[in-house]
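**Q** Structure provided below as structure tokens; questions to follow.
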Amino acid sequence: MSTSSHKSTMRDIDERTNLAGNSMFELLLFRLGEAPGTDKRELFGINVFKVREILVMPEVTAMVNSPPSVMGVANIRGQMITVINLPQLVGTNPTKGLGILLVTEFARTTQAFAVEEVNEIVRLEWKQVLSAEGRGGGLVTSIARLDGDAENTRLAQVLDVEQILRDVFPEAHQVEVSSESKLHIPPGTVVLAADDSAVARMMIEQGLKSMGVPFIMTKSGQEAWDRLKAMASEAESRGQTIKDKVALVLTDLEMPEMDGFTLTRNIKQDPRYSGIPVVIHSSLTGTTNEEHVKKVGADAYVAKFVADELAQTIRKVLTH
């Protein structure tokens with residue numbers, strides 16, 4: 001890495017740390033064409049830190065027998081990257097064509113999404129983002145209120161890229177745990193887990209079950225935090241401590257209402273929870289995030305989703 005790119009990476013870490021330190025993040029807004037049966041062009045969003053670059057649509061080579069939503073591959077800086085037709089997946093009609101390519105990095109994979117147009121980058125607080133669970137959007141994890149509490153705030157649908165990638169490449173998302181990955185946690189305790197993606201929750205549940213670990217699954221940092229506080233009060237009323245109830249907290253980073261950084265910081269700054277390890281489990285991979293995780297005091301960071309690695313990380317943290 002050249003000195004200048006190293007400096008810009010360090011600046012990115014600082015910038016991201018400052019944002020997360022204030023429970024904020026940046027959302028890249030784009031459009032995917034007209035919604036079915038209307039001429040409305042809804043806004044969609046993706047976390048900026050998952051976007052490696054934004055390009056004018058390059059030449060795409062169609063591949064034989066590829067899934068219907070895969071347009072083919074593009075040669076981007078010498079790397080062959082799969083191009084996914086995002087409007088086709090979400091069911092919109094890009095009447096202006098597919099002019100832009102978003103190259104993203106997720107859970108150790110690089111892929112590109114074709115979109116109609118890119119609008120802007122907005123800086124938001126996580127509390128402006130509400131869970132989309134139960135609101136009918138299968139490929140959407142959350143809804144961002146772009147103008148905060150304003151009456152007629154613009155809304156953007158934050159895409160569940162983990163679900164999208166699983167739909168497009170199901171064979172790459174098998175959960176397998178080797179026999180030596182069985183885990184033993186203190187009797188009577190559970191792993192408290194938080195993730196806003198339904199597909200990620202399913203994979204974590206499968207992984208923890210095959211490790212033989214009891215768990216409680218929550219859908220956001222806020223829900224996990226509320227659950228932890230309730231369990232601490234219940235433990236106290238029985239003359240126990242929270243460590244008699246919770247062996248470890250496993251959290252995603254990006255979640256509506258309260259993100260994983262804030263959840264981790266809350267746990268680490270509250271003496272009632274001292275000694276409870278926190279493992280961050282995220283598709284935001286790369287050394288920048290690992291630096292970032294150290295700053296908020298998490299005990300470990302593991303990239304999604306390799307069940308054996310998750311088991312090894314949990315074992316290491318519990319025996320530390």
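Note on naming: chains are A, B, ... as they come in the structure tokens, residues start from 1 per chain, ligands start from 1 in the order shown.
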Listing only residues of stretch 106-205 of chain A within 9 Å of stretch 267-285 of chain A, what is the closest atom pair and its distance in Å (to one decimal) for each, using only C-alpha atoms, sorted by chain and residue number ascending, as a tab-separated table?
**A**
```
residue	atom	partner	partner_atom	distance
A:Phe106	CA	A:Ser283	CA	5.2
A:Ala107	CA	A:Ser283	CA	4.2
A:Arg108	CA	A:Thr285	CA	6.5
A:Glu162	CA	A:Ser283	CA	8.3
A:Asp195	CA	A:His281	CA	8.9
```
**Q** Keeping all heavy atoms for every residue in the selection just given, could you write it to a file as a PDB file, in the first residue's frame?
**A**
```pdb
ATOM      1  N   PHE A 106     -18.652  -7.415   0.837  1.00  0.00           N
ATOM      2  CA  PHE A 106     -19.503  -7.973   1.883  1.00  0.00           C
ATOM      3  C   PHE A 106     -18.956  -9.314   2.281  1.00  0.00           C
ATOM      4  O   PHE A 106     -18.754 -10.162   1.419  1.00  0.00           O
ATOM      5  CB  PHE A 106     -20.902  -8.262   1.320  1.00  0.00           C
ATOM      6  CG  PHE A 106     -21.850  -7.156   1.555  1.00  0.00           C
ATOM      7  CD1 PHE A 106     -21.969  -6.133   0.655  1.00  0.00           C
ATOM      8  CD2 PHE A 106     -22.627  -7.136   2.702  1.00  0.00           C
ATOM      9  CE1 PHE A 106     -22.841  -5.110   0.874  1.00  0.00           C
ATOM     10  CE2 PHE A 106     -23.515  -6.110   2.924  1.00  0.00           C
ATOM     11  CZ  PHE A 106     -23.621  -5.099   2.013  1.00  0.00           C
ATOM     12  N   ALA A 107     -18.764  -9.513   3.570  1.00  0.00           N
ATOM     13  CA  ALA A 107     -18.451 -10.852   4.061  1.00  0.00           C
ATOM     14  C   ALA A 107     -17.432 -11.559   3.162  1.00  0.00           C
ATOM     15  O   ALA A 107     -17.672 -12.650   2.672  1.00  0.00           O
ATOM     16  CB  ALA A 107     -19.734 -11.676   4.152  1.00  0.00           C
ATOM     17  N   ARG A 108     -16.319 -10.885   2.919  1.00  0.00           N
ATOM     18  CA  ARG A 108     -15.188 -11.453   2.160  1.00  0.00           C
ATOM     19  C   ARG A 108     -15.460 -11.657   0.690  1.00  0.00           C
ATOM     20  O   ARG A 108     -14.703 -12.338   0.015  1.00  0.00           O
ATOM     21  CB  ARG A 108     -14.747 -12.794   2.733  1.00  0.00           C
ATOM     22  CG  ARG A 108     -14.526 -12.756   4.197  1.00  0.00           C
ATOM     23  CD  ARG A 108     -14.266 -14.132   4.674  1.00  0.00           C
ATOM     24  NE  ARG A 108     -14.609 -14.164   6.073  1.00  0.00           N
ATOM     25  CZ  ARG A 108     -14.049 -14.942   6.953  1.00  0.00           C
ATOM     26  NH1 ARG A 108     -13.148 -15.785   6.575  1.00  0.00           N
ATOM     27  NH2 ARG A 108     -14.394 -14.905   8.202  1.00  0.00           N
ATOM     28  N   GLU A 162     -27.242  -9.188   2.562  1.00  0.00           N
ATOM     29  CA  GLU A 162     -26.997 -10.594   2.906  1.00  0.00           C
ATOM     30  C   GLU A 162     -28.091 -11.494   2.323  1.00  0.00           C
ATOM     31  O   GLU A 162     -27.815 -12.564   1.796  1.00  0.00           O
ATOM     32  CB  GLU A 162     -26.916 -10.755   4.437  1.00  0.00           C
ATOM     33  CG  GLU A 162     -25.605 -10.209   4.952  1.00  0.00           C
ATOM     34  CD  GLU A 162     -25.651  -9.787   6.407  1.00  0.00           C
ATOM     35  OE1 GLU A 162     -26.746  -9.738   6.983  1.00  0.00           O
ATOM     36  OE2 GLU A 162     -24.588  -9.503   6.952  1.00  0.00           O
ATOM     37  N   ASP A 195     -28.957  -9.293  15.386  1.00  0.00           N
ATOM     38  CA  ASP A 195     -28.708  -9.061  13.957  1.00  0.00           C
ATOM     39  C   ASP A 195     -30.021  -8.634  13.310  1.00  0.00           C
ATOM     40  O   ASP A 195     -31.068  -9.203  13.615  1.00  0.00           O
ATOM     41  CB  ASP A 195     -28.182 -10.329  13.273  1.00  0.00           C
ATOM     42  CG  ASP A 195     -27.419  -9.997  11.994  1.00  0.00           C
ATOM     43  OD1 ASP A 195     -28.048  -9.432  11.066  1.00  0.00           O
ATOM     44  OD2 ASP A 195     -26.214 -10.279  11.921  1.00  0.00           O
TER      45      ASP A 195
END
```
**Q** Quick one: everything within 10 Å of A:Leu55, counting only C-alpha atoms, minus sequence neighbours fewer than 5 positions away in the same chain. Send it as a PyMOL selection string.
**A** chain A and resi 76+99-103+112+114
**Q** Given the selection you just returned, output its residues as a file containing N, CA, C and O atoms, formatted as a short mmCIF file (atom, residue, chain, number, x, y, z; two decimals), in the first residue's frame.
**A**
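Saved result, result_9.cif, follows:
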```cif
data_model
loop_
_atom_site.label_atom_id
_atom_site.label_comp_id
_atom_site.auth_asym_id
_atom_site.auth_seq_id
_atom_site.Cartn_x
_atom_site.Cartn_y
_atom_site.Cartn_z
N ILE A 76 -12.90 -5.36 -13.70
CA ILE A 76 -12.70 -4.06 -13.04
C ILE A 76 -11.33 -4.05 -12.39
O ILE A 76 -11.07 -4.81 -11.47
N GLY A 99 -27.38 2.50 -15.60
CA GLY A 99 -26.23 3.33 -15.96
C GLY A 99 -25.04 3.25 -15.03
O GLY A 99 -23.94 3.65 -15.37
N ILE A 100 -25.27 2.75 -13.80
CA ILE A 100 -24.23 2.85 -12.76
C ILE A 100 -23.98 1.49 -12.14
O ILE A 100 -24.90 0.69 -11.96
N LEU A 101 -22.72 1.26 -11.78
CA LEU A 101 -22.34 0.02 -11.11
C LEU A 101 -21.78 0.36 -9.73
O LEU A 101 -20.88 1.20 -9.61
N LEU A 102 -22.34 -0.28 -8.69
CA LEU A 102 -21.81 -0.13 -7.32
C LEU A 102 -20.99 -1.37 -7.02
O LEU A 102 -21.54 -2.48 -6.97
N VAL A 103 -19.69 -1.21 -6.81
CA VAL A 103 -18.84 -2.35 -6.45
C VAL A 103 -18.79 -2.41 -4.93
O VAL A 103 -18.42 -1.43 -4.27
N ALA A 112 -20.78 -6.65 -7.73
CA ALA A 112 -21.21 -5.34 -8.20
C ALA A 112 -22.71 -5.38 -8.45
O ALA A 112 -23.26 -6.38 -8.90
N ALA A 114 -25.85 -3.47 -10.42
CA ALA A 114 -26.25 -2.50 -11.44
C ALA A 114 -27.45 -1.74 -10.93
O ALA A 114 -28.43 -2.34 -10.45
#
```
**Q** May I ask for the distance between atom CA of A:Gly297 and atom CA of A:Thr264, given in Å to one decimal place?
**A**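 These two atoms are separated by 7.1 Å.
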**Q** Enter the distance from atom CA of A:Ser197 to atom CA of A:Gln163, in Å, rounded to one decimal.
**A**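 Computed distance, atom CA of A:Ser197 to atom CA of A:Gln163, equals 7.3 Å.
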**Q** From stretch 63-180 of chain A, collect each residue whose DSSP state is strand (DSSP E or B) and return the set as a compact mmCIF listing (two decimals) with N, CA, C and O atoms, in the first residue's frame.
**A**
```
# COMPACT_ATOMS: atom_id res chain seq x y z
N VAL A 70 -28.20 -12.47 -12.51
CA VAL A 70 -26.78 -12.16 -12.74
C VAL A 70 -26.60 -11.76 -14.19
O VAL A 70 -26.92 -12.53 -15.10
N MET A 71 -26.12 -10.53 -14.41
CA MET A 71 -25.95 -10.04 -15.77
C MET A 71 -24.70 -10.61 -16.43
O MET A 71 -24.60 -10.68 -17.64
N GLY A 72 -23.73 -11.00 -15.59
CA GLY A 72 -22.47 -11.51 -16.12
C GLY A 72 -21.31 -11.05 -15.28
O GLY A 72 -21.49 -10.80 -14.08
N VAL A 73 -20.14 -10.93 -15.88
CA VAL A 73 -18.98 -10.45 -15.13
C VAL A 73 -18.39 -9.23 -15.83
O VAL A 73 -18.51 -9.07 -17.05
N ALA A 74 -17.77 -8.37 -15.01
CA ALA A 74 -17.07 -7.20 -15.55
C ALA A 74 -15.62 -7.27 -15.09
O ALA A 74 -15.35 -7.71 -13.97
N ASN A 75 -14.73 -6.84 -15.94
CA ASN A 75 -13.32 -6.81 -15.59
C ASN A 75 -13.02 -5.42 -15.02
O ASN A 75 -12.97 -4.44 -15.75
N ILE A 76 -12.90 -5.36 -13.70
CA ILE A 76 -12.70 -4.06 -13.04
C ILE A 76 -11.33 -4.05 -12.39
O ILE A 76 -11.07 -4.81 -11.47
N GLN A 79 -9.79 -7.38 -11.94
CA GLN A 79 -10.51 -8.37 -11.13
C GLN A 79 -11.84 -8.69 -11.83
O GLN A 79 -12.55 -7.79 -12.26
N MET A 80 -12.15 -9.99 -11.94
CA MET A 80 -13.43 -10.39 -12.54
C MET A 80 -14.52 -10.33 -11.46
O MET A 80 -14.47 -11.07 -10.48
N ILE A 81 -15.47 -9.44 -11.65
CA ILE A 81 -16.48 -9.22 -10.61
C ILE A 81 -17.87 -9.53 -11.17
O ILE A 81 -18.23 -9.07 -12.26
N THR A 82 -18.64 -10.32 -10.40
CA THR A 82 -20.01 -10.67 -10.81
C THR A 82 -20.91 -9.44 -10.72
O THR A 82 -20.89 -8.72 -9.72
N VAL A 83 -21.70 -9.23 -11.76
CA VAL A 83 -22.61 -8.07 -11.81
C VAL A 83 -24.05 -8.55 -11.61
O VAL A 83 -24.54 -9.40 -12.36
N ILE A 84 -24.71 -8.03 -10.57
CA ILE A 84 -26.08 -8.44 -10.22
C ILE A 84 -27.06 -7.33 -10.63
O ILE A 84 -26.82 -6.14 -10.36
N ASN A 85 -28.14 -7.74 -11.28
CA ASN A 85 -29.16 -6.79 -11.73
C ASN A 85 -30.11 -6.51 -10.55
O ASN A 85 -31.04 -7.26 -10.29
N ASN A 93 -38.70 -1.31 -12.50
CA ASN A 93 -38.46 -1.16 -13.94
C ASN A 93 -37.56 0.05 -14.20
O ASN A 93 -38.01 1.19 -14.11
N ILE A 100 -25.27 2.75 -13.80
CA ILE A 100 -24.23 2.85 -12.76
C ILE A 100 -23.98 1.49 -12.14
O ILE A 100 -24.90 0.69 -11.96
N LEU A 101 -22.72 1.26 -11.78
CA LEU A 101 -22.34 0.02 -11.11
C LEU A 101 -21.78 0.36 -9.73
O LEU A 101 -20.88 1.20 -9.61
N LEU A 102 -22.34 -0.28 -8.69
CA LEU A 102 -21.81 -0.13 -7.32
C LEU A 102 -20.99 -1.37 -7.02
O LEU A 102 -21.54 -2.48 -6.97
N VAL A 103 -19.69 -1.21 -6.81
CA VAL A 103 -18.84 -2.35 -6.45
C VAL A 103 -18.79 -2.41 -4.93
O VAL A 103 -18.42 -1.43 -4.27
N THR A 104 -19.23 -3.54 -4.36
CA THR A 104 -19.35 -3.64 -2.91
C THR A 104 -18.52 -4.79 -2.35
O THR A 104 -18.23 -5.75 -3.06
N GLU A 105 -18.17 -4.64 -1.07
CA GLU A 105 -17.45 -5.71 -0.37
C GLU A 105 -18.29 -6.15 0.82
O GLU A 105 -18.62 -5.33 1.67
N PHE A 106 -18.65 -7.42 0.84
CA PHE A 106 -19.50 -7.97 1.88
C PHE A 106 -18.96 -9.31 2.28
O PHE A 106 -18.75 -10.16 1.42
N THR A 109 -16.56 -11.16 0.18
CA THR A 109 -16.79 -11.31 -1.26
C THR A 109 -16.92 -9.92 -1.87
O THR A 109 -17.34 -8.97 -1.21
N THR A 110 -16.53 -9.83 -3.12
CA THR A 110 -16.69 -8.57 -3.87
C THR A 110 -17.69 -8.85 -4.98
O THR A 110 -17.58 -9.86 -5.67
N GLN A 111 -18.69 -8.00 -5.09
CA GLN A 111 -19.67 -8.13 -6.17
C GLN A 111 -20.11 -6.74 -6.58
O GLN A 111 -19.83 -5.77 -5.88
N ALA A 112 -20.78 -6.65 -7.73
CA ALA A 112 -21.21 -5.34 -8.20
C ALA A 112 -22.71 -5.38 -8.45
O ALA A 112 -23.26 -6.38 -8.90
N PHE A 113 -23.36 -4.27 -8.13
CA PHE A 113 -24.80 -4.14 -8.34
C PHE A 113 -25.07 -3.09 -9.40
O PHE A 113 -24.59 -1.95 -9.29
N ALA A 114 -25.85 -3.47 -10.42
CA ALA A 114 -26.25 -2.50 -11.44
C ALA A 114 -27.45 -1.74 -10.93
O ALA A 114 -28.43 -2.34 -10.45
N VAL A 115 -27.40 -0.39 -10.99
CA VAL A 115 -28.52 0.45 -10.54
C VAL A 115 -28.82 1.49 -11.61
O VAL A 115 -28.02 1.72 -12.52
N GLU A 117 -29.57 4.93 -11.13
CA GLU A 117 -28.80 6.16 -10.90
C GLU A 117 -28.45 6.28 -9.43
O GLU A 117 -29.13 5.72 -8.57
N VAL A 118 -27.37 7.01 -9.17
CA VAL A 118 -26.95 7.27 -7.79
C VAL A 118 -27.29 8.72 -7.48
O VAL A 118 -27.07 9.61 -8.30
N ASN A 119 -27.87 8.96 -6.28
CA ASN A 119 -28.33 10.31 -5.96
C ASN A 119 -27.37 11.09 -5.09
O ASN A 119 -26.84 12.10 -5.50
N GLU A 120 -27.15 10.64 -3.87
CA GLU A 120 -26.32 11.41 -2.94
C GLU A 120 -25.91 10.51 -1.79
O GLU A 120 -26.39 9.39 -1.65
N ILE A 121 -25.03 11.05 -0.95
CA ILE A 121 -24.66 10.37 0.29
C ILE A 121 -25.22 11.22 1.43
O ILE A 121 -25.00 12.44 1.46
N VAL A 122 -25.96 10.57 2.33
CA VAL A 122 -26.50 11.31 3.48
C VAL A 122 -25.92 10.76 4.77
O VAL A 122 -25.61 9.57 4.86
N ARG A 123 -25.74 11.63 5.73
CA ARG A 123 -25.22 11.23 7.04
C ARG A 123 -26.41 11.15 8.00
O ARG A 123 -27.16 12.10 8.13
N LEU A 124 -26.58 9.99 8.63
CA LEU A 124 -27.76 9.76 9.47
C LEU A 124 -27.36 9.25 10.84
O LEU A 124 -26.30 8.67 11.01
N GLU A 125 -28.27 9.46 11.80
CA GLU A 125 -28.11 8.80 13.10
C GLU A 125 -28.88 7.48 13.01
O GLU A 125 -29.92 7.40 12.36
N VAL A 129 -33.33 5.34 11.77
CA VAL A 129 -33.56 4.14 10.97
C VAL A 129 -34.45 3.18 11.75
O VAL A 129 -34.16 2.85 12.89
N LEU A 130 -35.56 2.76 11.14
CA LEU A 130 -36.51 1.87 11.80
C LEU A 130 -36.47 0.50 11.14
O LEU A 130 -36.30 0.40 9.92
N SER A 131 -36.66 -0.55 11.92
CA SER A 131 -36.67 -1.90 11.36
C SER A 131 -37.82 -2.04 10.37
O SER A 131 -38.92 -1.53 10.59
N VAL A 140 -35.52 -5.90 2.37
CA VAL A 140 -35.21 -4.62 3.02
C VAL A 140 -35.07 -4.86 4.52
O VAL A 140 -35.94 -5.45 5.13
N THR A 141 -33.95 -4.42 5.12
CA THR A 141 -33.82 -4.62 6.58
C THR A 141 -34.46 -3.47 7.34
O THR A 141 -34.97 -3.65 8.43
N SER A 142 -34.37 -2.26 6.77
CA SER A 142 -34.84 -1.11 7.54
C SER A 142 -35.24 0.04 6.64
O SER A 142 -34.94 0.05 5.44
N ILE A 143 -35.94 0.98 7.24
CA ILE A 143 -36.40 2.18 6.54
C ILE A 143 -35.71 3.37 7.19
O ILE A 143 -35.79 3.56 8.41
N ALA A 144 -35.01 4.17 6.38
CA ALA A 144 -34.32 5.35 6.91
C ALA A 144 -35.19 6.59 6.69
O ALA A 144 -35.65 6.85 5.58
N ARG A 145 -35.42 7.33 7.79
CA ARG A 145 -36.16 8.60 7.69
C ARG A 145 -35.12 9.69 7.43
O ARG A 145 -34.44 10.15 8.36
N LEU A 155 -38.26 8.87 2.64
CA LEU A 155 -37.90 7.55 3.17
C LEU A 155 -36.99 6.83 2.18
O LEU A 155 -37.16 6.96 0.96
N ALA A 156 -36.02 6.09 2.70
CA ALA A 156 -35.18 5.25 1.84
C ALA A 156 -35.21 3.84 2.40
O ALA A 156 -35.14 3.65 3.61
N GLN A 157 -35.31 2.87 1.51
CA GLN A 157 -35.32 1.47 1.93
C GLN A 157 -33.87 0.96 1.95
O GLN A 157 -33.19 1.00 0.93
N VAL A 158 -33.43 0.50 3.12
CA VAL A 158 -32.06 -0.01 3.24
C VAL A 158 -32.07 -1.49 2.89
O VAL A 158 -32.76 -2.29 3.54
N LEU A 159 -31.33 -1.85 1.85
CA LEU A 159 -31.40 -3.22 1.33
C LEU A 159 -30.66 -4.22 2.22
O LEU A 159 -29.62 -3.91 2.79
```
**Q** Using only C-alpha atoms for the distances, tell me which of A:Glu205, A:Gly138, A:Asp244, A:Met57 is nearest to A:Pro187.
**A** A:Asp244
**Q** Could you tell me how far atom CA of A:Glu34 lies from atom CA of A:Ser66, in Å and to one decimal?
**A**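 Interatomic distance, atom CA of A:Glu34 to atom CA of A:Ser66: 25.4 Å.
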